[in-house]
file my_file.txt (compact mmCIF, N, CA and C atoms)
# COMPACT_ATOMS: atom_id res chain seq x y z
N MET A 8 -33.69 49.96 38.44
CA MET A 8 -33.58 49.47 37.08
C MET A 8 -34.97 49.52 36.43
N LYS A 9 -34.99 49.90 35.18
CA LYS A 9 -36.24 49.99 34.43
C LYS A 9 -36.85 48.61 34.23
N ALA A 10 -38.16 48.55 34.19
CA ALA A 10 -38.85 47.29 33.95
C ALA A 10 -38.47 46.72 32.59
N ALA A 11 -38.36 47.57 31.59
CA ALA A 11 -38.00 47.11 30.24
C ALA A 11 -36.59 46.52 30.23
N THR A 12 -35.69 47.08 31.02
CA THR A 12 -34.33 46.54 31.12
C THR A 12 -34.39 45.14 31.71
N ARG A 13 -35.17 44.98 32.77
CA ARG A 13 -35.33 43.65 33.40
C ARG A 13 -35.89 42.63 32.40
N ASP A 14 -36.83 43.08 31.58
CA ASP A 14 -37.41 42.18 30.57
C ASP A 14 -36.34 41.71 29.59
N TRP A 15 -35.47 42.62 29.13
CA TRP A 15 -34.38 42.25 28.22
C TRP A 15 -33.44 41.27 28.91
N ILE A 16 -33.14 41.52 30.18
CA ILE A 16 -32.22 40.66 30.92
C ILE A 16 -32.81 39.25 31.06
N GLU A 17 -34.10 39.16 31.36
CA GLU A 17 -34.73 37.84 31.48
C GLU A 17 -34.62 37.05 30.18
N LYS A 18 -34.87 37.71 29.07
CA LYS A 18 -34.77 37.03 27.77
C LYS A 18 -33.32 36.65 27.47
N ALA A 19 -32.40 37.56 27.78
CA ALA A 19 -30.98 37.30 27.54
C ALA A 19 -30.49 36.12 28.37
N GLU A 20 -30.92 36.08 29.62
CA GLU A 20 -30.49 35.00 30.50
C GLU A 20 -31.08 33.66 30.06
N ALA A 21 -32.29 33.66 29.55
CA ALA A 21 -32.90 32.43 29.04
C ALA A 21 -32.07 31.89 27.86
N ASP A 22 -31.64 32.79 26.96
CA ASP A 22 -30.80 32.35 25.85
C ASP A 22 -29.45 31.84 26.35
N HIS A 23 -28.90 32.51 27.35
CA HIS A 23 -27.63 32.08 27.93
C HIS A 23 -27.76 30.66 28.49
N LEU A 24 -28.80 30.43 29.27
CA LEU A 24 -29.01 29.12 29.88
C LEU A 24 -29.25 28.05 28.80
N ALA A 25 -29.98 28.39 27.76
CA ALA A 25 -30.21 27.45 26.67
C ALA A 25 -28.89 27.06 26.00
N ALA A 26 -28.05 28.05 25.74
CA ALA A 26 -26.76 27.78 25.09
C ALA A 26 -25.89 26.88 25.97
N VAL A 27 -25.81 27.19 27.25
CA VAL A 27 -24.99 26.40 28.17
C VAL A 27 -25.52 24.97 28.27
N ASP A 28 -26.83 24.82 28.39
CA ASP A 28 -27.42 23.48 28.47
C ASP A 28 -27.17 22.68 27.19
N LEU A 29 -27.37 23.31 26.05
CA LEU A 29 -27.16 22.63 24.77
C LEU A 29 -25.70 22.26 24.56
N ALA A 30 -24.80 23.07 25.07
CA ALA A 30 -23.37 22.81 24.92
C ALA A 30 -22.94 21.56 25.69
N ARG A 31 -23.72 21.16 26.67
CA ARG A 31 -23.39 19.99 27.50
C ARG A 31 -23.82 18.68 26.87
N ARG A 32 -24.59 18.74 25.81
CA ARG A 32 -25.07 17.51 25.16
C ARG A 32 -23.92 16.68 24.65
N ARG A 33 -23.97 15.39 24.87
CA ARG A 33 -22.94 14.48 24.36
C ARG A 33 -23.41 13.80 23.08
N LYS A 34 -24.66 13.34 23.09
CA LYS A 34 -25.21 12.69 21.91
C LYS A 34 -25.93 13.73 21.06
N LEU A 35 -25.80 13.59 19.78
CA LEU A 35 -26.43 14.51 18.83
C LEU A 35 -26.18 15.97 19.20
N PRO A 36 -24.93 16.42 19.15
CA PRO A 36 -24.63 17.80 19.52
C PRO A 36 -25.33 18.80 18.59
N LEU A 37 -25.72 19.90 19.16
CA LEU A 37 -26.43 20.94 18.41
C LEU A 37 -25.60 22.23 18.41
N HIS A 38 -24.46 22.18 17.75
CA HIS A 38 -23.54 23.33 17.75
C HIS A 38 -24.18 24.58 17.16
N ASP A 39 -24.98 24.41 16.11
CA ASP A 39 -25.64 25.57 15.51
C ASP A 39 -26.52 26.29 16.53
N MET A 40 -27.27 25.51 17.28
CA MET A 40 -28.19 26.10 18.26
C MET A 40 -27.43 26.75 19.42
N VAL A 41 -26.31 26.16 19.81
CA VAL A 41 -25.47 26.77 20.85
C VAL A 41 -25.03 28.15 20.38
N CYS A 42 -24.53 28.21 19.16
CA CYS A 42 -24.04 29.48 18.61
C CYS A 42 -25.16 30.50 18.46
N PHE A 43 -26.32 30.05 17.99
CA PHE A 43 -27.47 30.94 17.84
C PHE A 43 -27.87 31.54 19.18
N HIS A 44 -28.01 30.70 20.20
CA HIS A 44 -28.43 31.21 21.51
C HIS A 44 -27.35 32.09 22.15
N CYS A 45 -26.10 31.83 21.86
CA CYS A 45 -25.03 32.72 22.35
C CYS A 45 -25.17 34.10 21.73
N GLN A 46 -25.39 34.14 20.42
CA GLN A 46 -25.56 35.43 19.75
C GLN A 46 -26.79 36.15 20.31
N GLN A 47 -27.88 35.41 20.48
CA GLN A 47 -29.10 36.02 20.98
C GLN A 47 -28.92 36.55 22.40
N SER A 48 -28.23 35.82 23.24
CA SER A 48 -27.97 36.27 24.60
C SER A 48 -27.16 37.56 24.60
N ALA A 49 -26.09 37.58 23.81
CA ALA A 49 -25.25 38.77 23.74
C ALA A 49 -26.05 39.96 23.22
N GLU A 50 -26.83 39.74 22.19
CA GLU A 50 -27.65 40.81 21.61
C GLU A 50 -28.61 41.40 22.64
N LYS A 51 -29.31 40.53 23.35
CA LYS A 51 -30.30 40.99 24.32
C LYS A 51 -29.66 41.64 25.54
N TYR A 52 -28.50 41.14 25.95
CA TYR A 52 -27.80 41.80 27.06
C TYR A 52 -27.37 43.21 26.65
N LEU A 53 -26.82 43.36 25.46
CA LEU A 53 -26.42 44.69 25.00
C LEU A 53 -27.62 45.62 24.88
N LYS A 54 -28.72 45.10 24.39
CA LYS A 54 -29.93 45.92 24.27
C LYS A 54 -30.46 46.30 25.66
N ALA A 55 -30.28 45.43 26.64
CA ALA A 55 -30.68 45.77 28.01
C ALA A 55 -29.89 46.98 28.51
N ARG A 56 -28.60 46.99 28.23
CA ARG A 56 -27.77 48.13 28.67
C ARG A 56 -28.19 49.40 27.96
N LEU A 57 -28.48 49.31 26.68
CA LEU A 57 -28.95 50.48 25.93
C LEU A 57 -30.29 50.97 26.47
N GLU A 58 -31.18 50.04 26.76
CA GLU A 58 -32.49 50.39 27.32
C GLU A 58 -32.32 51.15 28.63
N GLU A 59 -31.45 50.64 29.49
CA GLU A 59 -31.24 51.28 30.79
C GLU A 59 -30.66 52.69 30.63
N ALA A 60 -29.83 52.87 29.60
CA ALA A 60 -29.22 54.19 29.35
C ALA A 60 -30.14 55.12 28.58
N GLY A 61 -31.28 54.62 28.14
CA GLY A 61 -32.21 55.45 27.38
C GLY A 61 -31.74 55.72 25.95
N ILE A 62 -30.95 54.82 25.42
CA ILE A 62 -30.43 54.96 24.06
C ILE A 62 -31.30 54.13 23.12
N HIS A 63 -31.90 54.80 22.14
CA HIS A 63 -32.74 54.10 21.16
C HIS A 63 -31.85 53.22 20.29
N PHE A 64 -32.34 52.03 19.99
CA PHE A 64 -31.60 51.11 19.12
C PHE A 64 -32.55 50.55 18.07
N PRO A 65 -32.01 50.31 16.88
CA PRO A 65 -32.86 49.77 15.81
C PRO A 65 -33.10 48.28 16.01
N LYS A 66 -34.11 47.77 15.30
CA LYS A 66 -34.35 46.32 15.29
C LYS A 66 -33.31 45.71 14.37
N THR A 67 -32.29 45.15 14.98
CA THR A 67 -31.19 44.55 14.23
C THR A 67 -30.57 43.43 15.04
N HIS A 68 -29.95 42.50 14.33
CA HIS A 68 -29.20 41.43 15.00
C HIS A 68 -27.70 41.71 14.90
N ASP A 69 -27.31 42.84 14.34
CA ASP A 69 -25.92 43.19 14.10
C ASP A 69 -25.25 43.59 15.42
N LEU A 70 -24.53 42.64 16.01
CA LEU A 70 -23.91 42.90 17.32
C LEU A 70 -22.90 44.04 17.28
N GLU A 71 -22.19 44.18 16.18
CA GLU A 71 -21.23 45.29 16.08
C GLU A 71 -21.95 46.63 16.15
N ALA A 72 -23.05 46.75 15.45
CA ALA A 72 -23.81 48.01 15.46
C ALA A 72 -24.38 48.28 16.85
N ILE A 73 -24.90 47.25 17.49
CA ILE A 73 -25.47 47.42 18.83
C ILE A 73 -24.38 47.79 19.83
N LEU A 74 -23.25 47.10 19.75
CA LEU A 74 -22.14 47.38 20.65
C LEU A 74 -21.60 48.79 20.41
N THR A 75 -21.55 49.22 19.18
CA THR A 75 -21.07 50.57 18.87
C THR A 75 -21.95 51.62 19.55
N LEU A 76 -23.25 51.39 19.58
CA LEU A 76 -24.13 52.31 20.31
C LEU A 76 -23.82 52.29 21.81
N ALA A 77 -23.55 51.11 22.35
CA ALA A 77 -23.25 50.99 23.78
C ALA A 77 -21.93 51.66 24.16
N LEU A 78 -21.04 51.78 23.20
CA LEU A 78 -19.74 52.40 23.49
C LEU A 78 -19.88 53.86 23.92
N THR A 79 -21.00 54.49 23.61
CA THR A 79 -21.20 55.88 24.04
C THR A 79 -21.33 55.98 25.55
N VAL A 80 -21.79 54.91 26.21
CA VAL A 80 -21.90 54.91 27.67
C VAL A 80 -20.89 53.98 28.34
N GLU A 81 -20.35 53.05 27.56
CA GLU A 81 -19.38 52.08 28.08
C GLU A 81 -18.18 52.01 27.12
N PRO A 82 -17.36 53.06 27.07
CA PRO A 82 -16.28 53.10 26.09
C PRO A 82 -15.26 51.96 26.20
N LEU A 83 -15.09 51.43 27.38
CA LEU A 83 -14.13 50.33 27.55
C LEU A 83 -14.60 49.03 26.91
N TRP A 84 -15.87 48.98 26.56
CA TRP A 84 -16.40 47.79 25.92
C TRP A 84 -15.90 47.62 24.49
N SER A 85 -15.09 48.54 24.02
CA SER A 85 -14.49 48.35 22.70
C SER A 85 -13.68 47.06 22.67
N ALA A 86 -13.23 46.61 23.84
CA ALA A 86 -12.50 45.34 23.93
C ALA A 86 -13.40 44.15 23.58
N LEU A 87 -14.72 44.35 23.58
CA LEU A 87 -15.66 43.28 23.25
C LEU A 87 -15.95 43.20 21.75
N LEU A 88 -15.41 44.12 20.96
CA LEU A 88 -15.68 44.10 19.52
C LEU A 88 -15.28 42.80 18.83
N PRO A 89 -14.12 42.22 19.14
CA PRO A 89 -13.80 40.93 18.50
C PRO A 89 -14.84 39.84 18.82
N ALA A 90 -15.32 39.80 20.05
CA ALA A 90 -16.34 38.82 20.42
C ALA A 90 -17.63 39.08 19.64
N ALA A 91 -18.02 40.34 19.54
CA ALA A 91 -19.23 40.69 18.80
C ALA A 91 -19.10 40.29 17.33
N ARG A 92 -17.92 40.49 16.76
CA ARG A 92 -17.70 40.12 15.36
C ARG A 92 -17.80 38.61 15.16
N ARG A 93 -17.26 37.86 16.11
CA ARG A 93 -17.32 36.40 15.99
C ARG A 93 -18.75 35.87 16.14
N LEU A 94 -19.53 36.49 17.01
CA LEU A 94 -20.89 36.04 17.26
C LEU A 94 -21.87 36.51 16.18
N LYS A 95 -21.54 37.59 15.51
CA LYS A 95 -22.45 38.23 14.55
C LYS A 95 -23.09 37.26 13.54
N PRO A 96 -22.34 36.36 12.89
CA PRO A 96 -22.96 35.50 11.88
C PRO A 96 -23.96 34.49 12.45
N PHE A 97 -23.93 34.28 13.75
CA PHE A 97 -24.80 33.28 14.35
C PHE A 97 -26.21 33.79 14.61
N GLY A 98 -26.45 35.06 14.38
CA GLY A 98 -27.79 35.63 14.58
C GLY A 98 -28.74 35.27 13.46
N VAL A 99 -28.21 35.12 12.24
CA VAL A 99 -29.07 34.85 11.10
C VAL A 99 -28.53 33.71 10.25
N LEU A 100 -27.30 33.81 9.80
CA LEU A 100 -26.76 32.85 8.84
C LEU A 100 -26.78 31.41 9.32
N ILE A 101 -26.52 31.19 10.58
CA ILE A 101 -26.41 29.83 11.11
C ILE A 101 -27.73 29.07 11.04
N ARG A 102 -28.81 29.79 10.86
CA ARG A 102 -30.13 29.15 10.83
C ARG A 102 -30.46 28.52 9.49
N TYR A 103 -29.59 28.69 8.50
CA TYR A 103 -29.89 28.22 7.16
C TYR A 103 -28.93 27.15 6.69
N PRO A 104 -29.40 26.29 5.79
CA PRO A 104 -28.54 25.22 5.26
C PRO A 104 -27.25 25.77 4.67
N GLY A 105 -26.20 24.97 4.82
CA GLY A 105 -24.90 25.36 4.29
C GLY A 105 -24.06 26.17 5.25
N ASN A 106 -24.61 26.45 6.41
CA ASN A 106 -23.89 27.23 7.43
C ASN A 106 -23.94 26.42 8.73
N ASP A 107 -22.92 25.60 8.92
CA ASP A 107 -22.89 24.73 10.08
C ASP A 107 -21.76 25.12 11.02
N ALA A 108 -22.07 25.14 12.30
CA ALA A 108 -21.07 25.49 13.31
C ALA A 108 -20.32 24.23 13.76
N SER A 109 -19.06 24.41 14.05
CA SER A 109 -18.25 23.31 14.56
C SER A 109 -18.28 23.32 16.09
N LYS A 110 -17.77 22.26 16.66
CA LYS A 110 -17.66 22.18 18.12
C LYS A 110 -16.77 23.31 18.64
N ALA A 111 -15.69 23.59 17.94
CA ALA A 111 -14.78 24.68 18.35
C ALA A 111 -15.49 26.03 18.29
N GLN A 112 -16.29 26.25 17.26
CA GLN A 112 -17.04 27.51 17.16
C GLN A 112 -18.05 27.63 18.30
N ALA A 113 -18.69 26.52 18.64
CA ALA A 113 -19.66 26.55 19.73
C ALA A 113 -18.97 26.88 21.06
N ARG A 114 -17.82 26.27 21.29
CA ARG A 114 -17.06 26.58 22.51
C ARG A 114 -16.67 28.06 22.57
N ARG A 115 -16.19 28.57 21.44
CA ARG A 115 -15.78 29.97 21.38
C ARG A 115 -16.98 30.90 21.57
N ALA A 116 -18.11 30.52 20.99
CA ALA A 116 -19.33 31.33 21.12
C ALA A 116 -19.75 31.43 22.59
N ILE A 117 -19.64 30.32 23.32
CA ILE A 117 -19.96 30.34 24.75
C ILE A 117 -19.05 31.32 25.47
N THR A 118 -17.76 31.27 25.19
CA THR A 118 -16.79 32.17 25.82
C THR A 118 -17.10 33.62 25.49
N ASP A 119 -17.37 33.90 24.22
CA ASP A 119 -17.66 35.28 23.79
C ASP A 119 -18.95 35.81 24.42
N ALA A 120 -19.98 34.97 24.42
CA ALA A 120 -21.26 35.41 24.99
C ALA A 120 -21.13 35.65 26.50
N LYS A 121 -20.37 34.79 27.17
CA LYS A 121 -20.16 34.98 28.61
C LYS A 121 -19.43 36.28 28.90
N ALA A 122 -18.47 36.65 28.06
CA ALA A 122 -17.73 37.90 28.26
C ALA A 122 -18.68 39.10 28.17
N ILE A 123 -19.54 39.08 27.18
CA ILE A 123 -20.51 40.18 27.03
C ILE A 123 -21.50 40.18 28.18
N ARG A 124 -21.99 39.01 28.53
CA ARG A 124 -22.93 38.87 29.64
C ARG A 124 -22.34 39.44 30.93
N GLU A 125 -21.11 39.07 31.24
CA GLU A 125 -20.48 39.53 32.47
C GLU A 125 -20.34 41.04 32.51
N GLU A 126 -19.90 41.64 31.41
CA GLU A 126 -19.73 43.10 31.38
C GLU A 126 -21.04 43.83 31.56
N VAL A 127 -22.09 43.35 30.90
CA VAL A 127 -23.39 44.01 31.02
C VAL A 127 -23.92 43.84 32.44
N ARG A 128 -23.84 42.65 32.97
CA ARG A 128 -24.36 42.43 34.32
C ARG A 128 -23.61 43.28 35.35
N LEU A 129 -22.29 43.36 35.22
CA LEU A 129 -21.52 44.22 36.12
C LEU A 129 -21.94 45.68 36.00
N SER A 130 -22.12 46.12 34.77
CA SER A 130 -22.52 47.50 34.52
C SER A 130 -23.88 47.83 35.14
N LEU A 131 -24.76 46.83 35.16
CA LEU A 131 -26.12 47.04 35.70
C LEU A 131 -26.22 46.70 37.18
N GLY A 132 -25.09 46.32 37.78
CA GLY A 132 -25.07 46.01 39.20
C GLY A 132 -25.69 44.67 39.55
N LEU A 133 -25.63 43.73 38.60
CA LEU A 133 -26.19 42.40 38.82
C LEU A 133 -25.10 41.39 39.12
N LYS A 134 -25.45 40.32 39.80
CA LYS A 134 -24.49 39.25 40.07
C LYS A 134 -24.07 38.60 38.77
N VAL A 135 -22.79 38.28 38.71
CA VAL A 135 -22.25 37.58 37.54
C VAL A 135 -22.26 36.13 37.87

call {"tool": "encode", "arguments": {"input": "my_file.txt", "output": "structure tokens"}}
result
Amino acid sequence: MKAATRDWIEKAEADHLAAVDLARRRKLPLHDMVCFHCQQSAEKYLKARLEEAGIHFPKTHDLEAILTLALTVEPLWSALLPAARRLKPFGVLIRYPGNDASKAQARRAITDAKAIREEVRLSLGLKV
């Protein structure tokens, strides 16, 4: 595995762990942050797969665009498009006033991010 791929995976896994830890909070829940870190984890995992495949990707938070590039090497990942669409707004919009995530959205974001994480890790031969 390329060193750059490992770097993307480390960052992706840190976001994954942050989202999972934040989701466990009982007092003062931080649903926005859970959703943000889920989007970031999914984005970085997808970019790790692109890096490993040698596919250039633009600087973007658009999960649909990133996933579409990955489909050239992982065509079955088209099943992940709904998850990417749901996570997409959490990369930027959720960070600003007037855009608040609910508990249900945070739960769904965890599920969606885990699905993307698992597929990328399997593809790269990593433990899920």

call {"tool": "closest_atom_pairs", "arguments": {"input": "my_file.txt", "of": "segment 71-100 of chain A", "to": "segment 52-57 of chain A", "cutoff": "8 Å", "atoms": "only N, CA and C atoms", "output": "CSV"}}
result
residue,atom,partner,partner_atom,distance
A:Ile73,C,A:Leu53,CA,6.4
A:Leu74,N,A:Leu53,CA,6.6
A:Leu76,C,A:Leu57,CA,6.8
A:Ala77,CA,A:Leu57,CA,6.1

call {"tool": "residues_around", "arguments": {"input": "my_file.txt", "residues": "Leu24 of chain A", "least_positions_apart": "2", "cutoff": "12 Å", "atoms": "only C-alpha atoms", "output": "mmCIF file with N, CA and C atoms, in the frame of the given file"}}
result
data_model
loop_
_atom_site.group_PDB
_atom_site.id
_atom_site.type_symbol
_atom_site.label_atom_id
_atom_site.label_comp_id
_atom_site.auth_asym_id
_atom_site.auth_seq_id
_atom_site.Cartn_x
_atom_site.Cartn_y
_atom_site.Cartn_z
ATOM 1 N N GLU A 17 -34.100 39.160 31.360
ATOM 2 C CA GLU A 17 -34.730 37.840 31.480
ATOM 3 C C GLU A 17 -34.620 37.050 30.180
ATOM 4 N N LYS A 18 -34.870 37.710 29.070
ATOM 5 C CA LYS A 18 -34.770 37.030 27.770
ATOM 6 C C LYS A 18 -33.320 36.650 27.470
ATOM 7 N N ALA A 19 -32.400 37.560 27.780
ATOM 8 C CA ALA A 19 -30.980 37.300 27.540
ATOM 9 C C ALA A 19 -30.490 36.120 28.370
ATOM 10 N N GLU A 20 -30.920 36.080 29.620
ATOM 11 C CA GLU A 20 -30.490 35.000 30.500
ATOM 12 C C GLU A 20 -31.080 33.660 30.060
ATOM 13 N N ALA A 21 -32.290 33.660 29.550
ATOM 14 C CA ALA A 21 -32.900 32.430 29.040
ATOM 15 C C ALA A 21 -32.070 31.890 27.860
ATOM 16 N N ASP A 22 -31.640 32.790 26.960
ATOM 17 C CA ASP A 22 -30.800 32.350 25.850
ATOM 18 C C ASP A 22 -29.450 31.840 26.350
ATOM 19 N N ALA A 26 -28.050 28.050 25.740
ATOM 20 C CA ALA A 26 -26.760 27.780 25.090
ATOM 21 C C ALA A 26 -25.890 26.880 25.970
ATOM 22 N N VAL A 27 -25.810 27.190 27.250
ATOM 23 C CA VAL A 27 -24.990 26.400 28.170
ATOM 24 C C VAL A 27 -25.520 24.970 28.270
ATOM 25 N N ASP A 28 -26.830 24.820 28.390
ATOM 26 C CA ASP A 28 -27.420 23.480 28.470
ATOM 27 C C ASP A 28 -27.170 22.680 27.190
ATOM 28 N N LEU A 29 -27.370 23.310 26.050
ATOM 29 C CA LEU A 29 -27.160 22.630 24.770
ATOM 30 C C LEU A 29 -25.700 22.260 24.560
ATOM 31 N N ALA A 30 -24.800 23.070 25.070
ATOM 32 C CA ALA A 30 -23.370 22.810 24.920
ATOM 33 C C ALA A 30 -22.940 21.560 25.690
ATOM 34 N N ARG A 31 -23.720 21.160 26.670
ATOM 35 C CA ARG A 31 -23.390 19.990 27.500
ATOM 36 C C ARG A 31 -23.820 18.680 26.870
ATOM 37 N N VAL A 41 -26.310 26.160 19.810
ATOM 38 C CA VAL A 41 -25.470 26.770 20.850
ATOM 39 C C VAL A 41 -25.030 28.150 20.380
ATOM 40 N N HIS A 44 -28.010 30.700 20.200
ATOM 41 C CA HIS A 44 -28.430 31.210 21.510
ATOM 42 C C HIS A 44 -27.350 32.090 22.150
ATOM 43 N N CYS A 45 -26.100 31.830 21.860
ATOM 44 C CA CYS A 45 -25.030 32.720 22.350
ATOM 45 C C CYS A 45 -25.170 34.100 21.730
ATOM 46 N N GLN A 47 -27.880 35.410 20.480
ATOM 47 C CA GLN A 47 -29.100 36.020 20.980
ATOM 48 C C GLN A 47 -28.920 36.550 22.400
ATOM 49 N N SER A 48 -28.230 35.820 23.240
ATOM 50 C CA SER A 48 -27.970 36.270 24.600
ATOM 51 C C SER A 48 -27.160 37.560 24.600
ATOM 52 N N ILE A 117 -19.640 30.320 23.320
ATOM 53 C CA ILE A 117 -19.960 30.340 24.750
ATOM 54 C C ILE A 117 -19.050 31.320 25.470
ATOM 55 N N ALA A 120 -19.980 34.970 24.420
ATOM 56 C CA ALA A 120 -21.260 35.410 24.990
ATOM 57 C C ALA A 120 -21.130 35.650 26.500
ATOM 58 N N LYS A 121 -20.370 34.790 27.170
ATOM 59 C CA LYS A 121 -20.160 34.980 28.610
ATOM 60 C C LYS A 121 -19.430 36.280 28.900
ATOM 61 N N ARG A 124 -21.990 39.010 28.530
ATOM 62 C CA ARG A 124 -22.930 38.870 29.640
ATOM 63 C C ARG A 124 -22.340 39.440 30.930
#

call {"tool": "closest_residue", "arguments": {"input": "my_file.txt", "among": "A:Ser130, A:Gln112, A:Thr79, A:Ser85", "to": "His38 of chain A", "atoms": "only N, CA and C atoms"}}
result
A:Gln112

call {"tool": "atom_distance", "arguments": {"input": "my_file.txt", "atom1": "atom N of Val135 of chain A", "atom2": "atom C of Ala25 of chain A"}}
result
18.0 Å

call {"tool": "atom_distance", "arguments": {"input": "my_file.txt", "atom1": "atom CA of Leu129 of chain A", "atom2": "atom CA of Ala116 of chain A"}}
result
19.9 Å

call {"tool": "atom_distance", "arguments": {"input": "my_file.txt", "atom1": "atom CA of Trp84 of chain A", "atom2": "atom C of Leu70 of chain A"}}
result
11.4 Å

call {"tool": "select_by_dssp", "arguments": {"input": "my_file.txt", "residues": "chain A", "states": "helix (DSSP H, G or I)", "output": "MDAnalysis selection string"}}
result
chainID A and resid 10:30 38:60 70:77 82:98 100:102 110:130

call {"tool": "axis_aligned_box", "arguments": {"input": "my_file.txt", "around": "segment 45-64 of chain A", "padding_each_side": "4 Å", "output": "lines of an AutoDock Vina configuration file"}}
result
center_x = -28.9
center_y = 43.8
center_z = 24.4
size_x = 15.7
size_y = 31.9
size_z = 20.7

call {"tool": "closest_residue", "arguments": {"input": "my_file.txt", "among": "A:His23, A:Pro36, A:Ala90, A:Cys42", "to": "Arg114 of chain A", "atoms": "all atoms listed in the file"}}
result
A:Cys42

call {"tool": "closest_residue", "arguments": {"input": "my_file.txt", "among": "A:Glu125, A:Met8, A:Phe43, A:Ala113", "to": "Pro96 of chain A", "atoms": "all atoms listed in the file"}}
result
A:Phe43
